[in-house]
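Here's the structure, in structure tokens; my notes come after.
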Amino acid sequence: MAKSLEMIFVTGEGKSSTISVDNPKEPVNVEQVKQAMQQIITQNVFTTSSGDFASIKGARVVERNIEDMKVL
């Protein structure tokens, strides 16, 4: 099962922008995620076509089941 941590931000223009981290350290600590997201905003680490990250919208852990199929 593949897991990823998605951190969702609101940009300066009010749009959503997501950063995805594959295989996050388990168990995911909500307070650490929140602190990391706030640091990303404060230090202006990323910019998008819809502006800099302005606030935290949310975060989630996504699990995917991948099953390869032999078709050849």
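We name chains A, B, ... following the order of the structure tokens; residues begin at 1 in each chain, and ligands are numbered from 1 as shown.
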Neighbouring residues of Thr42 in chain A were defined as those with any atom within 10 Å, considering only C-alpha atoms; residues of the same chain fewer than 5 positions away were excluded. Please report them as a list in words. Ala36, Met37, Phe53, Ala54 and Ser55 of chain A
Produce a file of the selected residues containing N, CA, C and O atoms, as a short mmCIF file (atom, residue, chain, number, x, y, z; two decimals), in the first residue's frame.
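So out.cif came out as:
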```
data_model
loop_
_atom_site.label_atom_id
_atom_site.label_comp_id
_atom_site.auth_asym_id
_atom_site.auth_seq_id
_atom_site.Cartn_x
_atom_site.Cartn_y
_atom_site.Cartn_z
N ALA A 36 5.24 22.33 10.49
CA ALA A 36 5.98 22.34 9.23
C ALA A 36 5.27 23.20 8.19
O ALA A 36 5.90 23.98 7.47
N MET A 37 3.95 23.09 8.13
CA MET A 37 3.18 23.89 7.17
C MET A 37 3.31 25.38 7.49
O MET A 37 3.47 26.20 6.59
N PHE A 53 2.00 30.88 -0.72
CA PHE A 53 1.12 30.23 0.24
C PHE A 53 0.75 31.25 1.31
O PHE A 53 1.62 31.91 1.88
N ALA A 54 -0.54 31.38 1.59
CA ALA A 54 -1.02 32.38 2.54
C ALA A 54 -1.52 31.78 3.85
O ALA A 54 -1.36 32.38 4.91
N SER A 55 -2.13 30.59 3.77
CA SER A 55 -2.65 29.97 4.99
C SER A 55 -2.79 28.46 4.80
O SER A 55 -2.69 27.95 3.69
#
```
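Residues in contact with Val62 in chain A at up to 12 Å, not including ones fewer than 5 positions away on its chain and judged by only C-alpha atoms, are Met1, Ala2, Lys3, Ser4, Leu5, Glu6, Met7, Ser20, Val21, Asp22, Asn23, Pro24 and Val28 of chain A.
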If you run DSSP on the backbone here, which positions in range 10-64 of chain A get strand (DSSP E)? Please write them as a list in words.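 Everything in range 10-64 of chain A that counts as strand (DSSP E) is Val10, Thr11, Ser16, Ser17, Thr18, Ile19, Ser20, Val21, Asp22, Thr47, Thr48, Gly51, Asp52, Phe53, Ala54, Ser55, Ile56, Lys57, Gly58, Ala59, Arg60, Val61, Val62, Glu63 and Arg64 of chain A.
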Measure the distance from CA of Gln35 in chain A to CA of Gly12 in chain A in Å and round it to one decimal.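 Distance between the two atoms: 19.7 Å.
CA of Glu13 in chain A lies 6.1 Å from CA of Gly51 in chain A.
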